[in-house]
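Pasting model35.csv here (CSV, N, CA and C atoms):
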```csv
chain,number,residue,atom,x,y,z
A,1,MET,N,-6.4,7.3,-9.5
A,1,MET,CA,-7.6,6.8,-8.7
A,1,MET,C,-8.5,6.1,-9.7
A,2,ILE,N,-9.0,4.9,-9.3
A,2,ILE,CA,-9.8,4.1,-10.1
A,2,ILE,C,-11.3,4.6,-10.0
A,3,LYS,N,-11.9,4.8,-11.1
A,3,LYS,CA,-13.3,5.2,-11.1
A,3,LYS,C,-14.2,3.9,-11.1
A,4,ALA,N,-15.0,3.8,-10.0
A,4,ALA,CA,-15.8,2.6,-9.8
A,4,ALA,C,-17.3,2.9,-9.8
A,5,GLY,N,-18.0,2.0,-10.4
A,5,GLY,CA,-19.5,2.0,-10.3
A,5,GLY,C,-19.9,0.9,-9.4
A,6,LEU,N,-21.0,1.1,-8.7
A,6,LEU,CA,-21.5,0.2,-7.7
A,6,LEU,C,-22.9,-0.3,-8.2
A,7,PHE,N,-23.1,-1.6,-8.1
A,7,PHE,CA,-24.3,-2.2,-8.7
A,7,PHE,C,-24.7,-3.3,-7.7
A,8,GLY,N,-26.0,-3.3,-7.5
A,8,GLY,CA,-26.6,-4.4,-6.7
A,8,GLY,C,-27.7,-3.9,-5.7
A,9,LYS,N,-28.7,-4.7,-5.4
A,9,LYS,CA,-29.8,-4.4,-4.6
A,9,LYS,C,-29.4,-3.8,-3.3
A,10,ASN,N,-28.4,-4.4,-2.6
A,10,ASN,CA,-28.0,-4.0,-1.3
A,10,ASN,C,-26.7,-3.2,-1.3
A,11,SER,N,-26.3,-2.7,-2.4
A,11,SER,CA,-25.0,-2.1,-2.6
A,11,SER,C,-24.8,-0.8,-1.7
A,12,ASP,N,-25.9,-0.2,-1.3
A,12,ASP,CA,-25.8,1.0,-0.5
A,12,ASP,C,-25.1,0.6,0.9
A,13,SER,N,-25.2,-0.6,1.3
A,13,SER,CA,-24.6,-1.0,2.5
A,13,SER,C,-23.0,-1.0,2.5
A,14,ILE,N,-22.4,-1.0,1.3
A,14,ILE,CA,-21.0,-0.9,1.2
A,14,ILE,C,-20.5,0.4,0.6
A,15,ARG,N,-21.4,1.3,0.2
A,15,ARG,CA,-21.1,2.6,-0.4
A,15,ARG,C,-20.0,3.4,0.4
A,16,HIS,N,-20.2,3.4,1.7
A,16,HIS,CA,-19.2,4.1,2.5
A,16,HIS,C,-17.8,3.6,2.5
A,17,LEU,N,-17.6,2.4,2.1
A,17,LEU,CA,-16.3,1.8,2.0
A,17,LEU,C,-15.5,2.2,0.8
A,18,ILE,N,-16.1,2.6,-0.3
A,18,ILE,CA,-15.5,2.8,-1.5
A,18,ILE,C,-14.4,3.9,-1.4
A,19,PRO,N,-14.7,5.1,-0.8
A,19,PRO,CA,-13.7,6.1,-0.7
A,19,PRO,C,-12.6,5.7,0.3
A,20,GLU,N,-12.8,4.9,1.2
A,20,GLU,CA,-11.8,4.5,2.2
A,20,GLU,C,-10.7,3.8,1.6
A,21,PHE,N,-10.9,3.2,0.4
A,21,PHE,CA,-9.9,2.5,-0.3
A,21,PHE,C,-9.3,3.2,-1.5
A,22,GLY,N,-9.5,4.5,-1.5
A,22,GLY,CA,-9.0,5.4,-2.6
A,22,GLY,C,-9.7,5.2,-3.9
A,23,LEU,N,-10.9,4.7,-3.9
A,23,LEU,CA,-11.7,4.5,-5.2
A,23,LEU,C,-12.6,5.6,-5.3
A,24,GLN,N,-12.8,6.1,-6.5
A,24,GLN,CA,-13.8,7.2,-6.8
A,24,GLN,C,-15.1,6.6,-7.3
A,25,LEU,N,-16.2,6.8,-6.6
A,25,LEU,CA,-17.5,6.3,-6.9
A,25,LEU,C,-18.1,7.2,-8.0
A,26,VAL,N,-18.4,6.7,-9.2
A,26,VAL,CA,-18.9,7.5,-10.3
A,26,VAL,C,-20.2,6.8,-10.8
A,27,GLU,N,-21.0,7.6,-11.4
A,27,GLU,CA,-22.2,7.1,-12.1
A,27,GLU,C,-22.0,6.9,-13.6
A,28,ASP,N,-21.1,7.8,-14.2
A,28,ASP,CA,-20.9,7.8,-15.6
A,28,ASP,C,-19.4,7.3,-15.9
A,29,GLN,N,-19.2,6.5,-16.9
A,29,GLN,CA,-17.9,6.1,-17.4
A,29,GLN,C,-17.0,5.4,-16.3
A,30,PRO,N,-17.6,4.4,-15.6
A,30,PRO,CA,-16.7,3.7,-14.6
A,30,PRO,C,-15.7,2.9,-15.3
A,31,GLU,N,-14.6,2.7,-14.6
A,31,GLU,CA,-13.5,1.8,-15.2
A,31,GLU,C,-13.7,0.4,-14.7
A,32,VAL,N,-14.4,0.2,-13.6
A,32,VAL,CA,-14.7,-1.1,-13.1
A,32,VAL,C,-16.1,-1.0,-12.4
A,33,ILE,N,-16.8,-2.1,-12.4
A,33,ILE,CA,-18.1,-2.2,-11.7
A,33,ILE,C,-18.0,-3.2,-10.5
A,34,ILE,N,-18.3,-2.7,-9.3
A,34,ILE,CA,-18.4,-3.5,-8.2
A,34,ILE,C,-19.8,-4.1,-8.1
A,35,SER,N,-19.9,-5.4,-8.3
A,35,SER,CA,-21.2,-6.0,-8.3
A,35,SER,C,-21.4,-6.7,-6.9
A,36,TYR,N,-22.3,-6.1,-6.2
A,36,TYR,CA,-22.5,-6.6,-4.8
A,36,TYR,C,-23.8,-7.3,-4.7
A,37,GLY,N,-23.7,-8.7,-4.6
A,37,GLY,CA,-24.9,-9.5,-4.6
A,37,GLY,C,-24.5,-10.9,-4.8
A,38,GLY,N,-25.2,-11.6,-5.7
A,38,GLY,CA,-24.9,-13.0,-6.1
A,38,GLY,C,-24.7,-13.1,-7.5
A,39,ASP,N,-24.9,-14.4,-8.0
A,39,ASP,CA,-24.7,-14.6,-9.4
A,39,ASP,C,-25.6,-13.8,-10.4
A,40,GLY,N,-26.8,-13.7,-10.0
A,40,GLY,CA,-27.8,-12.9,-10.8
A,40,GLY,C,-27.4,-11.5,-10.9
A,41,THR,N,-26.9,-10.9,-9.8
A,41,THR,CA,-26.5,-9.5,-9.8
A,41,THR,C,-25.3,-9.3,-10.7
A,42,LEU,N,-24.4,-10.3,-10.7
A,42,LEU,CA,-23.2,-10.2,-11.6
A,42,LEU,C,-23.7,-10.3,-13.1
A,43,LEU,N,-24.6,-11.2,-13.4
A,43,LEU,CA,-25.1,-11.3,-14.7
A,43,LEU,C,-25.8,-10.0,-15.2
A,44,SER,N,-26.6,-9.4,-14.3
A,44,SER,CA,-27.3,-8.2,-14.5
A,44,SER,C,-26.4,-7.0,-14.7
A,45,ALA,N,-25.3,-7.0,-14.0
A,45,ALA,CA,-24.3,-5.9,-14.1
A,45,ALA,C,-23.6,-6.0,-15.5
A,46,GLU,N,-23.3,-7.3,-15.9
A,46,GLU,CA,-22.7,-7.4,-17.3
A,46,GLU,C,-23.7,-7.0,-18.4
A,47,ARG,N,-25.0,-7.3,-18.2
A,47,ARG,CA,-26.0,-6.8,-19.2
A,47,ARG,C,-26.0,-5.3,-19.2
A,48,LYS,N,-26.0,-4.7,-18.1
A,48,LYS,CA,-26.1,-3.2,-18.0
A,48,LYS,C,-24.8,-2.5,-18.4
A,49,TYR,N,-23.6,-3.1,-18.1
A,49,TYR,CA,-22.3,-2.5,-18.3
A,49,TYR,C,-21.4,-3.5,-19.1
A,50,PRO,N,-21.8,-3.8,-20.3
A,50,PRO,CA,-21.0,-4.8,-21.1
A,50,PRO,C,-19.5,-4.3,-21.3
A,51,SER,N,-18.6,-5.2,-21.2
A,51,SER,CA,-17.2,-5.0,-21.5
A,51,SER,C,-16.5,-4.2,-20.4
A,52,ILE,N,-17.1,-3.8,-19.4
A,52,ILE,CA,-16.4,-3.1,-18.3
A,52,ILE,C,-16.1,-4.2,-17.3
A,53,PRO,N,-14.8,-4.3,-16.8
A,53,PRO,CA,-14.5,-5.3,-15.8
A,53,PRO,C,-15.3,-5.2,-14.6
A,54,LYS,N,-15.6,-6.4,-14.0
A,54,LYS,CA,-16.4,-6.5,-12.8
A,54,LYS,C,-15.7,-7.1,-11.6
A,55,LEU,N,-15.9,-6.6,-10.5
A,55,LEU,CA,-15.4,-7.2,-9.2
A,55,LEU,C,-16.7,-7.7,-8.5
A,56,PRO,N,-16.9,-9.0,-8.5
A,56,PRO,CA,-18.1,-9.6,-7.8
A,56,PRO,C,-17.8,-9.7,-6.3
A,57,ILE,N,-18.6,-9.2,-5.5
A,57,ILE,CA,-18.5,-9.3,-4.1
A,57,ILE,C,-19.9,-9.9,-3.6
A,58,ARG,N,-19.8,-11.0,-2.9
A,58,ARG,CA,-21.0,-11.6,-2.4
A,58,ARG,C,-21.6,-10.8,-1.3
A,59,ASP,N,-22.9,-10.7,-1.3
A,59,ASP,CA,-23.7,-10.1,-0.2
A,59,ASP,C,-24.0,-11.1,0.8
A,60,SER,N,-23.6,-10.9,2.0
A,60,SER,CA,-23.8,-11.9,3.1
A,60,SER,C,-25.3,-12.0,3.4
A,61,LYS,N,-26.1,-11.1,3.0
A,61,LYS,CA,-27.6,-11.2,3.1
A,61,LYS,C,-28.2,-12.2,2.1
A,62,VAL,N,-27.4,-12.5,1.1
A,62,VAL,CA,-27.9,-13.4,0.0
A,62,VAL,C,-27.3,-14.8,0.2
A,63,CYS,N,-26.0,-14.9,0.6
A,63,CYS,CA,-25.4,-16.2,0.7
A,63,CYS,C,-24.2,-16.2,1.7
A,64,ARG,N,-23.7,-17.3,1.9
A,64,ARG,CA,-22.5,-17.4,2.8
A,64,ARG,C,-21.3,-16.9,2.2
A,65,LYS,N,-20.5,-16.1,2.9
A,65,LYS,CA,-19.3,-15.5,2.4
A,65,LYS,C,-18.1,-16.3,2.8
A,66,CYS,N,-17.1,-16.2,2.0
A,66,CYS,CA,-15.8,-16.8,2.3
A,66,CYS,C,-15.1,-15.9,3.3
A,67,SER,N,-14.6,-16.5,4.4
A,67,SER,CA,-14.0,-15.7,5.5
A,67,SER,C,-12.7,-15.0,5.1
A,68,ILE,N,-12.0,-15.5,4.1
A,68,ILE,CA,-10.7,-14.9,3.8
A,68,ILE,C,-10.9,-13.8,2.7
A,69,HIS,N,-12.1,-13.8,2.1
A,69,HIS,CA,-12.3,-12.8,1.1
A,69,HIS,C,-13.4,-11.8,1.5
A,70,THR,N,-13.0,-11.0,2.5
A,70,THR,CA,-14.0,-10.0,3.0
A,70,THR,C,-14.1,-8.9,2.0
A,71,THR,N,-15.2,-8.1,2.1
A,71,THR,CA,-15.4,-7.0,1.3
A,71,THR,C,-14.2,-6.0,1.3
A,72,GLU,N,-13.7,-5.8,2.5
A,72,GLU,CA,-12.6,-4.9,2.7
A,72,GLU,C,-11.3,-5.4,2.0
A,73,HIS,N,-11.1,-6.7,2.1
A,73,HIS,CA,-9.9,-7.3,1.4
A,73,HIS,C,-10.0,-7.2,-0.1
A,74,LEU,N,-11.2,-7.4,-0.6
A,74,LEU,CA,-11.4,-7.3,-2.1
A,74,LEU,C,-11.2,-5.9,-2.6
A,75,LEU,N,-11.8,-4.9,-1.8
A,75,LEU,CA,-11.6,-3.5,-2.2
A,75,LEU,C,-10.2,-3.1,-2.1
A,76,GLU,N,-9.5,-3.5,-1.1
A,76,GLU,CA,-8.1,-3.2,-1.0
A,76,GLU,C,-7.3,-3.7,-2.2
A,77,LYS,N,-7.5,-5.0,-2.6
A,77,LYS,CA,-6.9,-5.6,-3.8
A,77,LYS,C,-7.2,-4.8,-5.1
A,78,LEU,N,-8.4,-4.4,-5.2
A,78,LEU,CA,-8.8,-3.6,-6.4
A,78,LEU,C,-8.1,-2.3,-6.4
A,79,SER,N,-8.0,-1.6,-5.2
A,79,SER,CA,-7.3,-0.3,-5.2
A,79,SER,C,-5.8,-0.4,-5.5
A,80,LEU,N,-5.3,-1.6,-5.2
A,80,LEU,CA,-3.8,-1.8,-5.5
A,80,LEU,C,-3.6,-2.2,-6.9
A,81,GLY,N,-4.7,-2.4,-7.7
A,81,GLY,CA,-4.5,-2.8,-9.1
A,81,GLY,C,-4.6,-4.2,-9.3
```

Can you turn what I pasted into structure tokens?
Amino acid sequence: MIKAGLFGKNSDSIRHLIPEFGLQLVEDQPEVIISYGGDGTLLSAERKYPSIPKLPIRDSKVCRKCSIHTTEHLLEKLSLG
């Protein structure tokens, strides 16, 4: 099971999806950071969690999302490695 940290102003809106994809949401020692927001969120996540891999997911409240890269699709791909 992948230990994932969640980062971003509106990240609580996807918190419920994390366990649905077999990911363990952790506060300490994450293996990957799910950065939910825009470019600034991703940069802030890197500043706070340097050297930990990031999965950037666009927040539709911030910008237009790509229709083929839904949040669920990206979380599924992460859970599959």

message: I need the strand (DSSP E or B) residues of chain A per DSSP on the backbone, written as a count of residues only.
response: 18

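Taking CA of Ser60 in chain A and atom N of Ile18 in chain A as endpoints, the distance between them is 16.8 Å.
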
List as a JSON list (two decimals) with N, CA and C atoms, in the coordinates of the input the protein and nucleic acid residues near Ser79 in chain A, meaning an atom at most 9 Å away when only C-alpha atoms are counted, but skip any in the same chain fewer than 4 places from it.
```
[["chain", "number", "residue", "atom", "x", "y", "z"],
["A", 1, "MET", "N", -6.40, 7.30, -9.50],
["A", 1, "MET", "CA", -7.60, 6.80, -8.70],
["A", 1, "MET", "C", -8.50, 6.10, -9.70],
["A", 2, "ILE", "N", -9.00, 4.90, -9.30],
["A", 2, "ILE", "CA", -9.80, 4.10, -10.10],
["A", 2, "ILE", "C", -11.30, 4.60, -10.00],
["A", 21, "PHE", "N", -10.90, 3.20, 0.40],
["A", 21, "PHE", "CA", -9.90, 2.50, -0.30],
["A", 21, "PHE", "C", -9.30, 3.20, -1.50],
["A", 22, "GLY", "N", -9.50, 4.50, -1.50],
["A", 22, "GLY", "CA", -9.00, 5.40, -2.60],
["A", 22, "GLY", "C", -9.70, 5.20, -3.90],
["A", 23, "LEU", "N", -10.90, 4.70, -3.90],
["A", 23, "LEU", "CA", -11.70, 4.50, -5.20],
["A", 23, "LEU", "C", -12.60, 5.60, -5.30],
["A", 74, "LEU", "N", -11.20, -7.40, -0.60],
["A", 74, "LEU", "CA", -11.40, -7.30, -2.10],
["A", 74, "LEU", "C", -11.20, -5.90, -2.60],
["A", 75, "LEU", "N", -11.80, -4.90, -1.80],
["A", 75, "LEU", "CA", -11.60, -3.50, -2.20],
["A", 75, "LEU", "C", -10.20, -3.10, -2.10]]
```

task: Just the residues within 7 Å of Lys54 in chain A, please, counting all atoms listed in the file, with nothing from its chain fewer than 3 positions along; format it as a count of residues only.
output: 5

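The space between atom N of Ile52 in chain A and atom N of Thr70 in chain A spans 23.4 Å.
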
Residues flagged helix (DSSP H, G or I) by DSSP in chain A, as an mmCIF file with N, CA and C atoms, in the coordinates of the input:
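Output file part29.cif follows:
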```cif
data_model
loop_
_atom_site.group_PDB
_atom_site.id
_atom_site.type_symbol
_atom_site.label_atom_id
_atom_site.label_comp_id
_atom_site.auth_asym_id
_atom_site.auth_seq_id
_atom_site.Cartn_x
_atom_site.Cartn_y
_atom_site.Cartn_z
ATOM 1 N N SER A 11 -26.300 -2.700 -2.400
ATOM 2 C CA SER A 11 -25.000 -2.100 -2.600
ATOM 3 C C SER A 11 -24.800 -0.800 -1.700
ATOM 4 N N ASP A 12 -25.900 -0.200 -1.300
ATOM 5 C CA ASP A 12 -25.800 1.000 -0.500
ATOM 6 C C ASP A 12 -25.100 0.600 0.900
ATOM 7 N N SER A 13 -25.200 -0.600 1.300
ATOM 8 C CA SER A 13 -24.600 -1.000 2.500
ATOM 9 C C SER A 13 -23.000 -1.000 2.500
ATOM 10 N N ARG A 15 -21.400 1.300 0.200
ATOM 11 C CA ARG A 15 -21.100 2.600 -0.400
ATOM 12 C C ARG A 15 -20.000 3.400 0.400
ATOM 13 N N HIS A 16 -20.200 3.400 1.700
ATOM 14 C CA HIS A 16 -19.200 4.100 2.500
ATOM 15 C C HIS A 16 -17.800 3.600 2.500
ATOM 16 N N LEU A 17 -17.600 2.400 2.100
ATOM 17 C CA LEU A 17 -16.300 1.800 2.000
ATOM 18 C C LEU A 17 -15.500 2.200 0.800
ATOM 19 N N PRO A 19 -14.700 5.100 -0.800
ATOM 20 C CA PRO A 19 -13.700 6.100 -0.700
ATOM 21 C C PRO A 19 -12.600 5.700 0.300
ATOM 22 N N GLU A 20 -12.800 4.900 1.200
ATOM 23 C CA GLU A 20 -11.800 4.500 2.200
ATOM 24 C C GLU A 20 -10.700 3.800 1.600
ATOM 25 N N PHE A 21 -10.900 3.200 0.400
ATOM 26 C CA PHE A 21 -9.900 2.500 -0.300
ATOM 27 C C PHE A 21 -9.300 3.200 -1.500
ATOM 28 N N ASP A 39 -24.900 -14.400 -8.000
ATOM 29 C CA ASP A 39 -24.700 -14.600 -9.400
ATOM 30 C C ASP A 39 -25.600 -13.800 -10.400
ATOM 31 N N GLY A 40 -26.800 -13.700 -10.000
ATOM 32 C CA GLY A 40 -27.800 -12.900 -10.800
ATOM 33 C C GLY A 40 -27.400 -11.500 -10.900
ATOM 34 N N THR A 41 -26.900 -10.900 -9.800
ATOM 35 C CA THR A 41 -26.500 -9.500 -9.800
ATOM 36 C C THR A 41 -25.300 -9.300 -10.700
ATOM 37 N N LEU A 42 -24.400 -10.300 -10.700
ATOM 38 C CA LEU A 42 -23.200 -10.200 -11.600
ATOM 39 C C LEU A 42 -23.700 -10.300 -13.100
ATOM 40 N N LEU A 43 -24.600 -11.200 -13.400
ATOM 41 C CA LEU A 43 -25.100 -11.300 -14.700
ATOM 42 C C LEU A 43 -25.800 -10.000 -15.200
ATOM 43 N N SER A 44 -26.600 -9.400 -14.300
ATOM 44 C CA SER A 44 -27.300 -8.200 -14.500
ATOM 45 C C SER A 44 -26.400 -7.000 -14.700
ATOM 46 N N ALA A 45 -25.300 -7.000 -14.000
ATOM 47 C CA ALA A 45 -24.300 -5.900 -14.100
ATOM 48 C C ALA A 45 -23.600 -6.000 -15.500
ATOM 49 N N GLU A 46 -23.300 -7.300 -15.900
ATOM 50 C CA GLU A 46 -22.700 -7.400 -17.300
ATOM 51 C C GLU A 46 -23.700 -7.000 -18.400
ATOM 52 N N ARG A 47 -25.000 -7.300 -18.200
ATOM 53 C CA ARG A 47 -26.000 -6.800 -19.200
ATOM 54 C C ARG A 47 -26.000 -5.300 -19.200
ATOM 55 N N LYS A 48 -26.000 -4.700 -18.100
ATOM 56 C CA LYS A 48 -26.100 -3.200 -18.000
ATOM 57 C C LYS A 48 -24.800 -2.500 -18.400
ATOM 58 N N THR A 71 -15.200 -8.100 2.100
ATOM 59 C CA THR A 71 -15.400 -7.000 1.300
ATOM 60 C C THR A 71 -14.200 -6.000 1.300
ATOM 61 N N GLU A 72 -13.700 -5.800 2.500
ATOM 62 C CA GLU A 72 -12.600 -4.900 2.700
ATOM 63 C C GLU A 72 -11.300 -5.400 2.000
ATOM 64 N N HIS A 73 -11.100 -6.700 2.100
ATOM 65 C CA HIS A 73 -9.900 -7.300 1.400
ATOM 66 C C HIS A 73 -10.000 -7.200 -0.100
ATOM 67 N N LEU A 74 -11.200 -7.400 -0.600
ATOM 68 C CA LEU A 74 -11.400 -7.300 -2.100
ATOM 69 C C LEU A 74 -11.200 -5.900 -2.600
ATOM 70 N N LEU A 75 -11.800 -4.900 -1.800
ATOM 71 C CA LEU A 75 -11.600 -3.500 -2.200
ATOM 72 C C LEU A 75 -10.200 -3.100 -2.100
ATOM 73 N N GLU A 76 -9.500 -3.500 -1.100
ATOM 74 C CA GLU A 76 -8.100 -3.200 -1.000
ATOM 75 C C GLU A 76 -7.300 -3.700 -2.200
ATOM 76 N N LYS A 77 -7.500 -5.000 -2.600
ATOM 77 C CA LYS A 77 -6.900 -5.600 -3.800
ATOM 78 C C LYS A 77 -7.200 -4.800 -5.100
ATOM 79 N N LEU A 78 -8.400 -4.400 -5.200
ATOM 80 C CA LEU A 78 -8.800 -3.600 -6.400
ATOM 81 C C LEU A 78 -8.100 -2.300 -6.400
ATOM 82 N N SER A 79 -8.000 -1.600 -5.200
ATOM 83 C CA SER A 79 -7.300 -0.300 -5.200
ATOM 84 C C SER A 79 -5.800 -0.400 -5.500
#
```

message: Between CA of Thr41 in chain A and CA of Asp28 in chain A, what distance in Å does the model show, to one decimal?
response: 19.1 Å

If I only want range 1-11 of chain A, can you write it with all heavy atoms, as a PDB file, in the first residue's frame?
```
ATOM      1  N   MET A   1       0.842  -1.180   0.000  1.00  0.00           N
ATOM      2  CA  MET A   1       0.000   0.000   0.000  1.00  0.00           C
ATOM      3  C   MET A   1       0.890   1.247   0.000  1.00  0.00           C
ATOM      4  O   MET A   1       1.823   1.343   0.784  1.00  0.00           O
ATOM      5  CB  MET A   1      -0.903  -0.012   1.228  1.00  0.00           C
ATOM      6  CG  MET A   1      -1.859   1.156   1.266  1.00  0.00           C
ATOM      7  SD  MET A   1      -3.032   1.116   2.642  1.00  0.00           S
ATOM      8  CE  MET A   1      -4.131  -0.125   2.069  1.00  0.00           C
ATOM      9  N   ILE A   2       0.612   2.154  -0.892  1.00  0.00           N
ATOM     10  CA  ILE A   2       1.389   3.385  -1.010  1.00  0.00           C
ATOM     11  C   ILE A   2       0.926   4.390   0.048  1.00  0.00           C
ATOM     12  O   ILE A   2      -0.272   4.642   0.195  1.00  0.00           O
ATOM     13  CB  ILE A   2       1.233   3.986  -2.417  1.00  0.00           C
ATOM     14  CG1 ILE A   2       1.801   3.027  -3.462  1.00  0.00           C
ATOM     15  CG2 ILE A   2       1.925   5.347  -2.503  1.00  0.00           C
ATOM     16  CD1 ILE A   2       1.532   3.446  -4.892  1.00  0.00           C
ATOM     17  N   LYS A   3       1.891   4.960   0.771  1.00  0.00           N
ATOM     18  CA  LYS A   3       1.598   5.991   1.771  1.00  0.00           C
ATOM     19  C   LYS A   3       1.611   7.345   1.075  1.00  0.00           C
ATOM     20  O   LYS A   3       2.628   7.758   0.526  1.00  0.00           O
ATOM     21  CB  LYS A   3       2.635   5.970   2.883  1.00  0.00           C
ATOM     22  CG  LYS A   3       2.615   4.694   3.688  1.00  0.00           C
ATOM     23  CD  LYS A   3       3.700   4.725   4.730  1.00  0.00           C
ATOM     24  CE  LYS A   3       3.745   3.424   5.495  1.00  0.00           C
ATOM     25  NZ  LYS A   3       4.835   3.415   6.469  1.00  0.00           N
ATOM     26  N   ALA A   4       0.476   8.013   1.087  1.00  0.00           N
ATOM     27  CA  ALA A   4       0.330   9.274   0.356  1.00  0.00           C
ATOM     28  C   ALA A   4       0.003  10.420   1.304  1.00  0.00           C
ATOM     29  O   ALA A   4      -0.797  10.271   2.226  1.00  0.00           O
ATOM     30  CB  ALA A   4      -0.770   9.151  -0.690  1.00  0.00           C
ATOM     31  N   GLY A   5       0.627  11.559   1.030  1.00  0.00           N
ATOM     32  CA  GLY A   5       0.288  12.797   1.703  1.00  0.00           C
ATOM     33  C   GLY A   5      -0.565  13.635   0.761  1.00  0.00           C
ATOM     34  O   GLY A   5      -0.431  13.539  -0.460  1.00  0.00           O
ATOM     35  N   LEU A   6      -1.442  14.429   1.309  1.00  0.00           N
ATOM     36  CA  LEU A   6      -2.349  15.263   0.522  1.00  0.00           C
ATOM     37  C   LEU A   6      -2.040  16.718   0.819  1.00  0.00           C
ATOM     38  O   LEU A   6      -1.935  17.113   1.983  1.00  0.00           O
ATOM     39  CB  LEU A   6      -3.790  14.909   0.879  1.00  0.00           C
ATOM     40  CG  LEU A   6      -4.907  15.448   0.027  1.00  0.00           C
ATOM     41  CD1 LEU A   6      -4.725  15.073  -1.441  1.00  0.00           C
ATOM     42  CD2 LEU A   6      -6.248  14.916   0.525  1.00  0.00           C
ATOM     43  N   PHE A   7      -1.881  17.522  -0.241  1.00  0.00           N
ATOM     44  CA  PHE A   7      -1.475  18.911  -0.081  1.00  0.00           C
ATOM     45  C   PHE A   7      -2.294  19.794  -1.008  1.00  0.00           C
ATOM     46  O   PHE A   7      -2.514  19.450  -2.167  1.00  0.00           O
ATOM     47  CB  PHE A   7       0.018  19.054  -0.421  1.00  0.00           C
ATOM     48  CG  PHE A   7       0.575  20.407  -0.146  1.00  0.00           C
ATOM     49  CD1 PHE A   7       1.006  20.751   1.125  1.00  0.00           C
ATOM     50  CD2 PHE A   7       0.670  21.353  -1.148  1.00  0.00           C
ATOM     51  CE1 PHE A   7       1.525  22.017   1.387  1.00  0.00           C
ATOM     52  CE2 PHE A   7       1.183  22.609  -0.907  1.00  0.00           C
ATOM     53  CZ  PHE A   7       1.606  22.938   0.371  1.00  0.00           C
ATOM     54  N   GLY A   8      -2.771  20.916  -0.486  1.00  0.00           N
ATOM     55  CA  GLY A   8      -3.480  21.901  -1.299  1.00  0.00           C
ATOM     56  C   GLY A   8      -4.660  22.500  -0.557  1.00  0.00           C
ATOM     57  O   GLY A   8      -5.248  21.863   0.314  1.00  0.00           O
ATOM     58  N   LYS A   9      -4.982  23.729  -0.935  1.00  0.00           N
ATOM     59  CA  LYS A   9      -6.035  24.485  -0.262  1.00  0.00           C
ATOM     60  C   LYS A   9      -7.378  23.761  -0.278  1.00  0.00           C
ATOM     61  O   LYS A   9      -8.092  23.748   0.721  1.00  0.00           O
ATOM     62  CB  LYS A   9      -6.149  25.857  -0.934  1.00  0.00           C
ATOM     63  CG  LYS A   9      -7.180  26.772  -0.323  1.00  0.00           C
ATOM     64  CD  LYS A   9      -7.117  28.168  -0.908  1.00  0.00           C
ATOM     65  CE  LYS A   9      -7.539  28.164  -2.366  1.00  0.00           C
ATOM     66  NZ  LYS A   9      -7.658  29.502  -2.942  1.00  0.00           N
ATOM     67  N   ASN A  10      -7.733  23.164  -1.394  1.00  0.00           N
ATOM     68  CA  ASN A  10      -9.029  22.479  -1.522  1.00  0.00           C
ATOM     69  C   ASN A  10      -8.894  20.959  -1.490  1.00  0.00           C
ATOM     70  O   ASN A  10      -9.784  20.245  -1.933  1.00  0.00           O
ATOM     71  CB  ASN A  10      -9.712  22.905  -2.829  1.00  0.00           C
ATOM     72  CG  ASN A  10     -10.008  24.386  -2.850  1.00  0.00           C
ATOM     73  OD1 ASN A  10     -10.396  24.970  -1.852  1.00  0.00           O
ATOM     74  ND2 ASN A  10      -9.795  25.012  -3.990  1.00  0.00           N
ATOM     75  N   SER A  11      -7.796  20.460  -0.956  1.00  0.00           N
ATOM     76  CA  SER A  11      -7.530  19.015  -0.999  1.00  0.00           C
ATOM     77  C   SER A  11      -8.534  18.191  -0.199  1.00  0.00           C
ATOM     78  O   SER A  11      -8.716  17.008  -0.489  1.00  0.00           O
ATOM     79  CB  SER A  11      -6.110  18.720  -0.529  1.00  0.00           C
ATOM     80  OG  SER A  11      -5.926  19.113   0.813  1.00  0.00           O
TER      81      SER A  11
END
```
